[in-house]
$ cat target_17.cif   # mmCIF, C-alpha atoms
data_coords
loop_
_atom_site.group_PDB
_atom_site.id
_atom_site.type_symbol
_atom_site.label_atom_id
_atom_site.label_comp_id
_atom_site.auth_asym_id
_atom_site.auth_seq_id
_atom_site.Cartn_x
_atom_site.Cartn_y
_atom_site.Cartn_z
ATOM 1 C CA MET G 1 122.822 129.378 -82.540
ATOM 2 C CA TRP G 2 121.275 131.770 -85.000
ATOM 3 C CA TYR G 3 122.509 134.872 -83.168
ATOM 4 C CA ARG G 4 126.260 134.125 -83.444
ATOM 5 C CA ILE G 5 127.789 137.028 -85.342
ATOM 6 C CA ASP G 6 131.316 137.362 -86.715
ATOM 7 C CA PHE G 7 131.599 141.123 -87.149
ATOM 8 C CA ASP G 8 134.804 141.008 -89.231
ATOM 9 C CA ARG G 9 133.151 138.713 -91.734
ATOM 10 C CA LEU G 10 129.933 140.747 -91.668
ATOM 11 C CA VAL G 11 131.820 143.950 -92.504
ATOM 12 C CA ALA G 12 133.596 142.251 -95.397
ATOM 13 C CA GLN G 13 130.387 140.760 -96.795
ATOM 14 C CA LEU G 14 128.369 143.973 -96.603
ATOM 15 C CA LEU G 15 130.961 145.945 -98.540
ATOM 16 C CA PRO G 16 130.551 145.926 -102.301
ATOM 17 C CA PRO G 17 133.425 144.028 -103.968
ATOM 18 C CA VAL G 18 134.694 147.213 -105.611
ATOM 19 C CA LEU G 19 135.226 148.905 -102.203
ATOM 20 C CA ARG G 20 136.882 145.990 -100.398
ATOM 21 C CA SER G 21 140.257 147.490 -99.673
ATOM 22 C CA LYS G 22 142.310 146.756 -96.557
ATOM 23 C CA LEU G 23 142.092 150.361 -95.372
ATOM 24 C CA LEU G 24 138.305 150.607 -95.659
ATOM 25 C CA ARG G 25 137.774 147.216 -93.989
ATOM 26 C CA ALA G 26 140.094 148.235 -91.138
ATOM 27 C CA MET G 27 138.166 151.478 -90.648
ATOM 28 C CA LEU G 28 134.829 149.661 -90.628
ATOM 29 C CA ARG G 29 136.146 147.069 -88.171
ATOM 30 C CA ALA G 30 137.161 149.937 -85.894
ATOM 31 C CA MET G 31 133.662 151.403 -86.196
ATOM 32 C CA VAL G 32 132.111 148.076 -85.244
ATOM 33 C CA VAL G 33 134.077 147.787 -81.963
ATOM 34 C CA PRO G 34 131.186 149.184 -79.846
ATOM 35 C CA LEU G 35 128.799 146.662 -81.415
ATOM 36 C CA ARG G 36 131.286 143.871 -80.712
ATOM 37 C CA TYR G 37 131.476 145.029 -77.069
ATOM 38 C CA ILE G 38 127.675 145.069 -76.706
ATOM 39 C CA TYR G 39 127.445 141.664 -78.364
ATOM 40 C CA GLY G 40 130.074 140.271 -75.967
ATOM 41 C CA ARG G 41 128.072 141.547 -72.993
ATOM 42 C CA PHE G 42 124.884 140.029 -74.454
ATOM 43 C CA ASP G 43 126.558 136.658 -75.005
ATOM 44 C CA THR G 44 127.952 136.601 -71.455
ATOM 45 C CA LEU G 45 124.559 137.501 -70.006
ATOM 46 C CA LYS G 46 122.793 134.881 -72.105
ATOM 47 C CA ASN G 47 125.212 132.128 -71.045
ATOM 48 C CA THR G 48 124.806 133.144 -67.391
ATOM 49 C CA VAL G 49 121.017 133.069 -67.633
ATOM 50 C CA ASP G 50 121.092 129.714 -69.444
ATOM 51 C CA SER G 51 123.217 128.138 -66.716
ATOM 52 C CA ARG G 52 120.983 129.655 -64.029
ATOM 53 C CA LEU G 53 117.828 128.309 -65.701
ATOM 54 C CA CYS G 54 119.323 124.812 -65.980
ATOM 55 C CA THR G 55 120.230 124.778 -62.273
ATOM 56 C CA THR G 56 117.166 123.820 -60.282
ATOM 57 C CA GLY G 57 116.733 122.497 -56.771
ATOM 58 C CA ASN G 58 116.581 118.936 -58.088
ATOM 59 C CA VAL G 59 119.893 119.341 -59.899
ATOM 60 C CA LEU G 60 121.588 120.791 -56.826
ATOM 61 C CA ASN G 61 120.209 118.059 -54.548
ATOM 62 C CA LEU G 62 121.267 115.277 -56.920
ATOM 63 C CA GLU G 63 124.766 116.700 -57.393
ATOM 64 C CA LYS G 64 125.171 117.190 -53.639
ATOM 65 C CA ALA G 65 123.984 113.644 -52.880
ATOM 66 C CA LEU G 66 126.370 112.147 -55.448
ATOM 67 C CA ASN G 67 129.354 114.170 -54.267
ATOM 68 C CA ASP G 68 128.579 113.566 -50.579
ATOM 69 C CA ALA G 69 128.349 109.803 -51.142
ATOM 70 C CA PHE G 70 132.026 109.744 -52.139
ATOM 71 C CA TYR G 71 133.177 112.623 -49.883
ATOM 72 C CA LEU G 72 134.058 114.805 -52.870
ATOM 73 C CA LYS G 73 134.542 118.483 -52.055
ATOM 74 C CA GLU G 74 135.152 120.086 -55.453
ATOM 75 C CA ARG G 75 131.963 119.036 -57.291
ATOM 76 C CA GLN G 76 133.733 116.355 -59.311
ATOM 77 C CA ILE G 77 130.422 114.665 -60.165
ATOM 78 C CA PHE G 78 128.176 117.104 -62.007
ATOM 79 C CA LEU G 79 125.129 117.163 -64.255
ATOM 80 C CA SER G 80 124.661 118.763 -67.648
ATOM 81 C CA THR G 81 121.851 119.098 -70.139
ATOM 82 C CA PRO G 82 122.588 117.659 -73.587
ATOM 83 C CA ALA G 83 122.500 119.986 -76.573
ATOM 84 C CA GLU G 84 119.308 120.102 -78.571
ATOM 85 C CA GLU G 85 119.332 118.177 -81.803
ATOM 86 C CA LYS G 86 118.227 120.026 -84.887
ATOM 87 C CA THR G 87 115.167 118.330 -86.318
ATOM 88 C CA PRO G 88 115.718 117.245 -89.919
ATOM 89 C CA SER G 89 113.531 118.591 -92.705
ATOM 90 C CA PHE G 90 112.586 117.332 -96.111
ATOM 91 C CA TYR G 91 112.355 119.661 -99.089
ATOM 92 C CA PHE G 92 110.865 119.668 -102.542
ATOM 93 C CA SER G 93 113.399 119.236 -105.334
ATOM 94 C CA SER G 94 112.457 122.703 -106.601
ATOM 95 C CA GLU G 95 113.823 124.246 -103.361
ATOM 96 C CA LEU G 96 117.367 123.149 -104.311
ATOM 97 C CA GLN G 97 118.395 122.065 -100.802
ATOM 98 C CA ARG G 98 120.948 119.358 -100.045
ATOM 99 C CA PRO G 99 119.607 115.828 -100.557
ATOM 100 C CA ASN G 100 118.510 113.831 -97.505
ATOM 101 C CA PHE G 101 119.232 110.140 -97.210
ATOM 102 C CA MET G 102 117.225 107.668 -95.164
ATOM 103 C CA TYR G 103 118.888 105.039 -92.965
ATOM 104 C CA LEU G 104 117.639 102.283 -90.707
ATOM 105 C CA LEU G 105 117.721 102.727 -86.933
ATOM 106 C CA THR G 106 120.449 100.080 -86.659
ATOM 107 C CA GLU G 107 122.744 102.113 -88.942
ATOM 108 C CA GLY G 108 122.539 105.059 -86.523
ATOM 109 C CA LYS G 109 123.354 107.953 -88.844
ATOM 110 C CA GLY G 110 121.621 110.527 -91.014
ATOM 111 C CA PHE G 111 117.841 110.569 -91.167
ATOM 112 C CA ILE G 112 116.421 107.630 -89.293
ATOM 113 C CA LEU G 113 113.623 105.566 -90.766
ATOM 114 C CA THR G 114 111.888 103.752 -87.939
ATOM 115 C CA ASN G 115 109.494 100.860 -88.109
ATOM 116 C CA LYS G 116 106.363 100.559 -85.995
ATOM 117 C CA GLY G 117 107.363 100.264 -82.338
ATOM 118 C CA GLU G 118 110.926 101.588 -82.767
ATOM 119 C CA SER G 119 112.000 104.873 -81.263
ATOM 120 C CA ARG G 120 115.119 106.792 -80.328
ATOM 121 C CA VAL G 121 115.534 107.558 -76.645
ATOM 122 C CA LYS G 122 116.821 111.031 -75.835
ATOM 123 C CA VAL G 123 118.243 111.566 -72.377
ATOM 124 C CA ASN G 124 117.113 114.503 -70.256
ATOM 125 C CA PHE G 125 120.415 114.949 -68.415
ATOM 126 C CA VAL G 126 123.957 113.593 -68.369
ATOM 127 C CA VAL G 127 125.803 112.670 -65.179
ATOM 128 C CA TRP G 128 129.550 113.268 -65.547
ATOM 129 C CA VAL G 129 131.626 110.921 -63.377
ATOM 130 C CA PRO G 130 135.423 111.154 -63.021
ATOM 131 C CA THR G 131 137.443 108.127 -64.060
ATOM 132 C CA PHE G 132 138.909 107.677 -60.587
ATOM 133 C CA LEU G 133 135.458 106.374 -59.523
ATOM 134 C CA CYS G 134 134.594 104.314 -62.585
ATOM 135 C CA THR G 135 136.661 103.340 -65.608
ATOM 136 C CA SER G 136 133.984 101.759 -67.819
ATOM 137 C CA VAL G 137 130.220 101.993 -68.131
ATOM 138 C CA GLU G 138 129.920 99.399 -70.909
ATOM 139 C CA LYS G 139 131.395 96.222 -69.375
ATOM 140 C CA LYS G 140 131.749 95.245 -65.758
ATOM 141 C CA GLU G 141 135.001 93.378 -66.492
ATOM 142 C CA GLU G 142 136.642 96.506 -67.929
ATOM 143 C CA ASP G 143 135.876 98.574 -64.830
ATOM 144 C CA LYS G 144 138.733 98.683 -62.334
ATOM 145 C CA TYR G 145 136.311 98.557 -59.390
ATOM 146 C CA GLY G 146 133.851 96.012 -60.814
ATOM 147 C CA TRP G 147 131.008 98.573 -60.979
ATOM 148 C CA ARG G 148 130.961 98.859 -57.173
ATOM 149 C CA TYR G 149 130.908 102.674 -57.302
ATOM 150 C CA LEU G 150 128.790 102.776 -60.459
ATOM 151 C CA ALA G 151 126.043 100.837 -58.678
ATOM 152 C CA VAL G 152 126.071 103.365 -55.829
ATOM 153 C CA ILE G 153 125.868 106.238 -58.327
ATOM 154 C CA LYS G 154 122.938 104.643 -60.180
ATOM 155 C CA ASN G 155 121.066 103.958 -56.933
ATOM 156 C CA ILE G 156 121.437 107.571 -55.796
ATOM 157 C CA ILE G 157 120.333 108.860 -59.204
ATOM 158 C CA HIS G 158 117.234 106.638 -59.170
ATOM 159 C CA ILE G 159 116.323 107.928 -55.706
ATOM 160 C CA TYR G 160 116.748 111.655 -56.464
ATOM 161 C CA LYS G 161 115.840 112.018 -60.132
ATOM 162 C CA PRO G 162 112.357 113.298 -61.010
ATOM 163 C CA ALA G 163 109.907 110.712 -62.314
ATOM 164 C CA GLY G 164 109.932 110.217 -66.060
ATOM 165 C CA ARG G 165 113.401 111.700 -66.576
ATOM 166 C CA THR G 166 116.059 109.713 -68.374
ATOM 167 C CA PHE G 167 119.797 110.006 -67.880
ATOM 168 C CA SER G 168 123.098 108.723 -69.144
ATOM 169 C CA ILE G 169 126.425 108.411 -67.385
ATOM 170 C CA GLU G 170 129.536 109.747 -69.095
ATOM 171 C CA LEU G 171 133.121 109.469 -67.868
ATOM 172 C CA TYR G 172 135.746 112.195 -67.949
ATOM 173 C CA ASP G 173 139.384 112.415 -66.903
ATOM 174 C CA TYR G 174 139.745 114.461 -63.739
ATOM 175 C CA GLU G 175 143.092 116.169 -63.245
#

$ encode --input "target_17.cif" --output "structure tokens"
Amino acid sequence: MWYRIDFDRLVAQLLPPVLRSKLLRAMLRAMVVPLRYIYGRFDTLKNTVDSRLCTTGNVLNLEKALNDAFYLKERQIFLSTPAEEKTPSFYFSSELQRPNFMYLLTEGKGFILTNKGESRVKVNFVVWVPTFLCTSVEKKEEDKYGWRYLAVIKNIIHIYKPAGRTFSIELYDYE
């Protein structure tokens, strides 16, 4: 995010090149310790508030229903919100920004040029499922259980998810 600050680098960049000695940088880094402490507290508080805002009653009910369906006690199935994608911008050549290249939707990289009727679907939440319940979400033949548990998971998600929300299922190795 825009508020990430590396105080050691900031101290070095704000010093004029003539004054950049090891001793002076070490003294300035020592002077910045209180700011680093306050910033650490701010970052911890912000992450706590972010996780609290993302946890609603719907999320808790859906996670509980999924974990209860398989008698899981340690919240092995959980939900997360995907990171926001930065929207691309185009610039005039006089602004001297990096060049942007256009690609088709089928190429799936860079700036996407879509035709009429094409769109990219962004999921609202991701359901993380351990691999001891499902080993593949792409092909039924690759799954060790033949999508028996995946079908149960999808049915529960469709029952509990709010209308109009989209989701994806990701697998992770549980240890």

$ atom_distance --input "target_17.cif" --atom1 "CA of Val59 (chain G)" --atom2 "CA of Gln76 (chain G)"
14.2 Å

$ axis_aligned_box --input "target_17.cif" --around "region 13-32 of chain G" --padding-each-side "8 Å" --output "JSON"
{"center_x": 135.3, "center_y": 146.1, "center_z": -95.4, "size_x": 29.9, "size_y": 26.7, "size_z": 36.4}

$ resolve_selection --input "target_17.cif" --expression "the PyMOL selection byres ((chain G and resi 167) around 8)" --output "VMD selection string"
chain G and resid 123 to 127 165 to 166 168 to 169

$ atom_distance --input "target_17.cif" --atom1 "CA of Leu23 (chain G)" --atom2 "CA of Ile5 (chain G)"
22.0 Å

$ residues_around --input "target_17.cif" --residues "region 43-56 of chain G" --least-positions-apart "5" --cutoff "9 Å" --atoms "all atoms listed in the file" --output "count of residues only"
5

$ atom_distance --input "target_17.cif" --atom1 "CA of Arg9 (chain G)" --atom2 "CA of Leu24 (chain G)"
13.5 Å

$ residues_near_point --input "target_17.cif" --point "(138.2, 149.1, -92.5)" --cutoff "12 Å" --atoms "all atoms listed in the file" --output "list in words"
Phe7, Asp8, Arg9, Leu10, Val11, Ala12, Leu14, Leu15, Leu19, Arg20, Ser21, Lys22, Leu23, Leu24, Arg25, Ala26, Met27, Leu28, Arg29, Ala30, Met31, Val32 and Val33 of chain G

$ residues_around --input "target_17.cif" --residues "Lys64 (chain G)" --least-positions-apart "3" --cutoff "12 Å" --atoms "all atoms listed in the file" --output "list in words"
Gly57, Asn58, Val59, Leu60, Asn61, Asn67, Asp68, Ala69, Phe70, Tyr71, Leu72, Lys73, Glu74, Arg75, Gln76, Ile77, Phe78, Leu79, Ile153, Ile156, Ile157 and Tyr160 of chain G

$ residues_around --input "target_17.cif" --residues "Tyr145 (chain G)" --least-positions-apart "3" --cutoff "12 Å" --atoms "all atoms listed in the file" --output "PyMOL selection string"
chain G and resi 131-137+139-142+148-152

$ closest_residue --input "target_17.cif" --among "G:Arg36, G:Lys161, G:Arg41, G:Lys154" --to "Val129 (chain G)" --atoms "all atoms listed in the file"
G:Lys154
